[in-house]
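One file, upload.cif, is given below (mmCIF, C-alpha atoms).
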data_work
#
loop_
_atom_site.label_atom_id
_atom_site.label_comp_id
_atom_site.auth_asym_id
_atom_site.auth_seq_id
_atom_site.Cartn_x
_atom_site.Cartn_y
_atom_site.Cartn_z
CA MET X 1 16.46 -12.03 27.76
CA LYS X 2 13.01 -11.33 26.29
CA TYR X 3 13.25 -7.75 27.55
CA PHE X 4 16.64 -7.36 25.85
CA ILE X 5 15.24 -8.68 22.56
CA PHE X 6 12.29 -6.30 22.85
CA LEU X 7 14.62 -3.33 23.40
CA THR X 8 16.77 -4.38 20.44
CA VAL X 9 13.75 -4.64 18.13
CA LEU X 10 12.46 -1.30 19.41
CA PHE X 11 15.85 0.34 18.82
CA VAL X 12 16.16 -1.00 15.28
CA SER X 13 12.58 0.05 14.55
CA GLN X 14 13.25 3.59 15.78
CA LEU X 15 16.51 3.73 13.81
CA LEU X 16 14.78 2.69 10.60
CA ASN X 17 11.95 5.14 11.19
CA ALA X 18 14.50 7.90 11.74
CA GLN X 19 15.92 7.13 8.31
CA GLY X 20 12.47 7.36 6.75
CA TYR X 21 11.88 3.61 6.43
CA TYR X 22 8.45 2.16 7.13
CA GLY X 23 7.39 -1.47 6.85
CA CYS X 24 4.05 -3.17 7.40
CA ASN X 25 3.19 -6.86 7.12
CA PHE X 26 -0.17 -6.41 8.96
CA ASP X 27 0.75 -9.08 11.52
CA PHE X 28 1.55 -6.41 14.10
CA SER X 29 0.41 -2.83 14.51
CA CYS X 30 1.32 -0.79 11.44
CA GLY X 31 1.41 2.47 13.36
CA ASP X 32 -0.18 5.05 11.09
CA GLU X 33 -2.25 2.57 9.07
CA SER X 34 -5.75 3.94 8.84
CA GLN X 35 -8.94 3.27 6.96
CA ASP X 36 -10.83 5.93 5.06
CA THR X 37 -13.99 5.63 7.11
CA LEU X 38 -14.97 9.28 6.70
CA SER X 39 -15.82 8.96 3.00
CA ASN X 40 -17.16 5.41 3.35
CA PRO X 41 -18.34 4.13 6.74
CA ASN X 42 -18.82 0.69 5.15
CA ASN X 43 -15.17 0.37 4.16
CA ILE X 44 -14.53 -3.26 3.19
CA TRP X 45 -10.76 -3.32 3.87
CA GLU X 46 -9.90 -5.54 6.83
CA ILE X 47 -6.74 -6.87 8.45
CA GLY X 48 -6.69 -10.56 9.27
CA VAL X 49 -6.45 -14.11 8.00
CA PRO X 50 -8.02 -14.47 4.52
CA ASN X 51 -10.86 -17.00 4.41
CA LYS X 52 -12.21 -17.02 0.85
CA ILE X 53 -12.36 -19.33 -2.16
CA ALA X 54 -9.15 -18.11 -3.82
CA PHE X 55 -7.78 -15.90 -1.06
CA ASP X 56 -6.82 -18.35 1.67
CA THR X 57 -3.26 -17.40 2.62
CA ALA X 58 -1.46 -14.16 3.40
CA TYR X 59 1.92 -13.59 1.76
CA SER X 60 3.54 -13.56 5.20
CA GLU X 61 1.18 -15.44 7.47
CA PRO X 62 -1.03 -15.01 9.26
CA ASN X 63 -2.46 -11.57 8.33
CA CYS X 64 -2.78 -9.31 5.31
CA MET X 65 -4.91 -6.34 4.24
CA ILE X 66 -7.89 -7.65 2.27
CA THR X 67 -11.23 -6.54 0.82
CA ASP X 68 -13.34 -8.39 3.43
CA LEU X 69 -11.94 -11.45 5.16
CA ASP X 70 -14.80 -13.82 4.34
CA ASN X 71 -17.09 -12.48 1.61
CA PRO X 72 -16.84 -11.51 -2.07
CA TYR X 73 -16.52 -7.78 -2.66
CA PRO X 74 -19.83 -5.92 -3.10
CA ALA X 75 -21.04 -3.98 -6.13
CA ASN X 76 -20.87 -0.17 -6.26
CA ASP X 77 -18.13 0.07 -3.65
CA THR X 78 -15.16 2.39 -3.27
CA SER X 79 -12.94 1.66 -0.28
CA TYR X 80 -9.48 2.82 0.74
CA PHE X 81 -6.83 2.25 3.35
CA ILE X 82 -3.99 4.70 3.98
CA LEU X 83 -0.40 4.20 5.10
CA GLU X 84 1.66 7.23 6.09
CA TYR X 85 5.24 7.81 7.19
CA GLY X 86 7.86 10.51 7.57
CA ALA X 87 9.72 11.18 4.32
CA GLY X 88 13.36 10.23 4.00
CA TYR X 89 15.85 12.26 1.99
CA GLY X 90 14.65 10.82 -1.34
CA PHE X 91 11.99 13.49 -1.75
CA GLN X 92 14.42 16.29 -0.94
CA TYR X 93 17.65 15.19 -2.63
CA GLY X 94 18.66 12.76 -5.34
CA GLN X 95 18.28 9.66 -3.21
CA VAL X 96 15.80 6.87 -3.90
CA VAL X 97 12.15 6.86 -2.86
CA GLU X 98 10.80 3.33 -2.59
CA LEU X 99 7.40 1.68 -2.41
CA LYS X 100 7.37 -2.12 -2.43
CA GLY X 101 4.98 -4.89 -1.56
CA TYR X 102 2.87 -7.81 -2.71
CA TYR X 103 -0.66 -8.05 -4.07
CA TRP X 104 -3.15 -10.70 -5.16
CA VAL X 105 -6.16 -9.66 -7.22
CA ASP X 106 -9.27 -11.59 -8.22
CA SER X 107 -11.78 -9.25 -9.85
CA ASP X 108 -13.88 -8.58 -12.93
CA SER X 109 -11.20 -7.47 -15.38
CA LEU X 110 -11.12 -3.69 -16.03
CA ASN X 111 -14.56 -3.11 -14.43
CA ASP X 112 -13.42 -3.69 -10.84
CA TYR X 113 -9.89 -2.63 -9.95
CA GLY X 114 -7.39 -1.47 -7.37
CA THR X 115 -5.57 1.85 -7.15
CA ILE X 116 -2.35 3.19 -5.61
CA GLU X 117 -2.14 6.92 -4.96
CA ILE X 118 0.26 9.25 -3.18
CA SER X 119 -0.37 12.49 -1.31
CA LEU X 120 2.36 14.94 -0.34
CA ASP X 121 0.01 17.58 1.12
CA GLN X 122 -1.65 15.82 4.07
CA GLY X 123 -4.31 14.21 1.89
CA ASP X 124 -5.61 17.40 0.26
CA SER X 125 -4.80 15.99 -3.19
CA TRP X 126 -3.87 12.58 -4.54
CA ILE X 127 -1.74 11.49 -7.50
CA ASP X 128 -2.60 8.23 -9.27
CA MET X 129 0.75 6.44 -9.35
CA LEU X 130 -0.43 3.77 -11.79
CA ASN X 131 -1.80 6.12 -14.45
CA ASP X 132 -0.03 9.43 -13.86
CA THR X 133 1.48 11.12 -16.91
CA VAL X 134 2.04 14.61 -15.48
CA PHE X 135 4.80 13.76 -13.02
CA ILE X 136 7.32 10.92 -13.31
CA PHE X 137 5.48 8.05 -11.69
CA ASP X 138 4.69 6.55 -15.09
CA PHE X 139 8.16 5.19 -15.82
CA GLU X 140 9.77 4.50 -12.45
CA TRP X 141 8.14 1.15 -11.72
CA GLY X 142 10.67 -1.64 -11.36
CA GLY X 143 9.68 -4.59 -13.54
CA GLU X 144 6.00 -4.83 -14.40
CA ARG X 145 3.71 -2.13 -13.11
CA PRO X 146 1.12 -3.70 -10.77
CA ILE X 147 -2.02 -4.81 -12.61
CA LEU X 148 -4.74 -4.51 -9.97
CA THR X 149 -7.60 -5.97 -12.00
CA GLY X 150 -8.49 -9.37 -13.41
CA ASN X 151 -6.81 -12.41 -11.87
CA SER X 152 -3.14 -12.36 -10.90
CA GLY X 153 -3.17 -16.11 -10.20
CA GLY X 154 -1.45 -15.70 -6.85
CA TRP X 155 0.80 -13.27 -5.05
CA LYS X 156 2.72 -10.81 -7.25
CA SER X 157 5.39 -8.33 -6.20
CA PHE X 158 5.48 -4.64 -7.07
CA SER X 159 8.21 -2.07 -6.62
CA TYR X 160 8.49 1.62 -7.33
CA TRP X 161 11.93 3.25 -7.32
CA GLY X 162 12.02 7.02 -7.86
CA ASP X 163 15.14 9.18 -7.60
CA HIS X 164 14.14 12.53 -9.09
CA LEU X 165 11.04 13.43 -7.08
CA SER X 166 12.69 16.57 -5.67
CA GLU X 167 12.33 18.06 -9.16
CA ASN X 168 8.54 17.96 -8.86
CA PHE X 169 7.77 18.11 -5.16
CA ASN X 170 8.79 20.28 -2.24
CA VAL X 171 8.99 17.66 0.49
CA SER X 172 11.51 17.95 3.32
CA TYR X 173 12.93 15.21 5.51
CA GLY X 174 10.30 14.08 8.01
CA ASP X 175 7.31 15.54 6.16
CA THR X 176 4.25 13.30 6.02
CA VAL X 177 3.90 11.12 2.94
CA MET X 178 0.63 9.24 2.49
CA TYR X 179 -0.07 6.26 0.25
CA ARG X 180 -3.70 5.39 -0.41
CA PHE X 181 -4.62 1.92 -1.63
CA GLY X 182 -8.09 1.51 -3.05
CA PHE X 183 -10.54 -0.91 -4.57
CA ILE X 184 -13.43 0.20 -6.79
CA SER X 185 -16.26 -1.97 -8.10
CA ASP X 186 -19.01 -1.26 -10.63
CA GLY X 187 -22.73 -2.03 -10.38
CA GLN X 188 -22.43 -5.66 -11.43
CA SER X 189 -22.40 -8.19 -8.60
CA ASP X 190 -19.56 -10.71 -8.87
CA THR X 191 -18.66 -13.63 -6.62
CA LEU X 192 -14.96 -12.81 -6.73
CA ASP X 193 -12.51 -12.27 -3.88
CA GLY X 194 -11.22 -8.76 -4.62
CA LEU X 195 -7.75 -7.58 -3.65
CA MET X 196 -5.13 -8.29 -0.98
CA PHE X 197 -1.92 -6.45 -0.04
CA ASP X 198 0.91 -7.63 2.19
CA ASN X 199 4.47 -6.77 3.24
CA ILE X 200 4.36 -3.14 2.15
CA SER X 201 7.52 -1.10 2.71
CA MET X 202 8.28 2.57 2.05
CA LEU X 203 11.50 4.55 2.05
#
This structure in structure tokens:
Amino acid sequence: MKYFIFLTVLFVSQLLNAQGYYGCNFDFSCGDESQDTLSNPNNIWEIGVPNKIAFDTAYSEPNCMITDLDNPYPANDTSYFILEYGAGYGFQYGQVVELKGYYWVDSDSLNDYGTIEISLDQGDSWIDMLNDTVFIFDFEWGGERPILTGNSGGWKSFSYWGDHLSENFNVSYGDTVMYRFGFISDGQSDTLDGLMFDNISML
């Protein structure tokens, strides 16, 4: 019976991946999840159970992606983690491209902040999805655009829905799409928890 359930989950997972869907709640292997250790060998992003003053629970327990499981974030730090998946038809035709998830931020407002970027050329260049004004990322956020600085007061959802990306990008079905999530702090030391992400999905 357990073997049958495993095969069913595996089949559904492969089917969703074939359609360009990718989901990660950090409780199991997220496949192509990687940390940007080349540019920063002291990357503070970790996967696990949060154990801080404010950050004490993942959105979907037990694990999340967090800026250090136990300690406040350090000063003068820039750290990233990257999720990548094979593009669905949304980048090629008029279908929807989706990025959804949850975040919790506890940082020095404006001075220390998170970022969300996208790369459609294997990481050679990155587009700031939160502040872009050249392409169309600036008006396709569903609801409130994520505010990755200050104090969110708990878990908040974010969702991006884009349906005209083929007008700006030449991305075919199955091409690699990379999302880079970052956290950047200034030179002032703060005893704050930083940033957490959980239940990220991409289509």
What would the selection look like, as a count of residues only, if the PyMOL selection byres ((chain X and resi 98) around 9) were run on the coordinates I just shared? 13
Show me, as an MDAnalysis selection string, the residues that have an atom within 10 Å of Asp70 (chain X) when counting all atoms listed in the file, minus same-chain residues fewer than 4 positions from it. chainID X and resid 46 49:53 55:56 66 193
Quick one, how far is CA of Phe197 (chain X) from CA of Trp104 (chain X)?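 Atom-to-atom, CA of Phe197 (chain X) and CA of Trp104 (chain X) are spaced 6.8 Å apart.
Rounded to one decimal, CA of Gly88 (chain X) and CA of Phe169 (chain X) lie 13.3 Å from each other.
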Take the PyMOL selection byres ((chain X and resi 91) around 10), run it mentally on this structure, and tell me the resulting residues as a list in words.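 This file, filtered by the PyMOL selection byres ((chain X and resi 91) around 10), leaves Ala87, Gly88, Tyr89, Gly90, Gln92, Tyr93, Gly94, Gln95, Val96, Val97, Leu120, Gly162, Asp163, His164, Leu165, Ser166, Glu167, Asn168, Phe169, Asn170, Val171, Ser172, Tyr173, Gly174, Asp175, Val177 and Leu203 of chain X.
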Could you list, as an MDAnalysis selection string, every residue within 12 Å of region 72-81 of chain X, counting all atoms listed in the file and ignoring same-chain residues fewer than 6 positions away? chainID X and resid 30 32:47 50:55 65:66 105:108 111:118 178:197
One number please: CA of Thr57 (chain X) to CA of Gly154 (chain X), in Å, one decimal. 9.8 Å
Explicit residues for the PyMOL selection byres ((chain X and resi 63) around 7) (as an mmCIF file with C-alpha atoms, in the frame of the given file):
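Listed below is the output, part15.cif:
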data_model
loop_
_atom_site.group_PDB
_atom_site.id
_atom_site.type_symbol
_atom_site.label_atom_id
_atom_site.label_comp_id
_atom_site.auth_asym_id
_atom_site.auth_seq_id
_atom_site.Cartn_x
_atom_site.Cartn_y
_atom_site.Cartn_z
ATOM 1 C CA PHE X 26 -0.170 -6.410 8.960
ATOM 2 C CA ASP X 27 0.750 -9.080 11.520
ATOM 3 C CA ILE X 47 -6.740 -6.870 8.450
ATOM 4 C CA GLY X 48 -6.690 -10.560 9.270
ATOM 5 C CA VAL X 49 -6.450 -14.110 8.000
ATOM 6 C CA ALA X 58 -1.460 -14.160 3.400
ATOM 7 C CA GLU X 61 1.180 -15.440 7.470
ATOM 8 C CA PRO X 62 -1.030 -15.010 9.260
ATOM 9 C CA CYS X 64 -2.780 -9.310 5.310
#
Residues within 8 Å of Thr176 (chain X), all atoms listed in the file, excluding chain neighbours under 5 positions, as an mmCIF file with C-alpha atoms, in the coordinates of the input:
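Printed below is part-v4.cif as written:
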data_model
loop_
_atom_site.group_PDB
_atom_site.id
_atom_site.type_symbol
_atom_site.label_atom_id
_atom_site.label_comp_id
_atom_site.auth_asym_id
_atom_site.auth_seq_id
_atom_site.Cartn_x
_atom_site.Cartn_y
_atom_site.Cartn_z
ATOM 1 C CA GLU X 84 1.660 7.230 6.090
ATOM 2 C CA TYR X 85 5.240 7.810 7.190
ATOM 3 C CA GLY X 86 7.860 10.510 7.570
ATOM 4 C CA ALA X 87 9.720 11.180 4.320
ATOM 5 C CA LEU X 120 2.360 14.940 -0.340
ATOM 6 C CA ASP X 121 0.010 17.580 1.120
ATOM 7 C CA GLN X 122 -1.650 15.820 4.070
#
From the options X:Thr67, X:Ser119, X:Ile82, X:Tyr103, which residue's atoms come nearest to Asn199 (chain X), counting only C-alpha atoms? X:Tyr103
Pick from X:Tyr102, X:Asp68, X:Gly143, X:Tyr21: nearest to Ile200 (chain X), with only C-alpha atoms counted?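 Between X:Tyr102, X:Asp68, X:Gly143, X:Tyr21, the residue approaching Ile200 (chain X) most closely is X:Tyr102.
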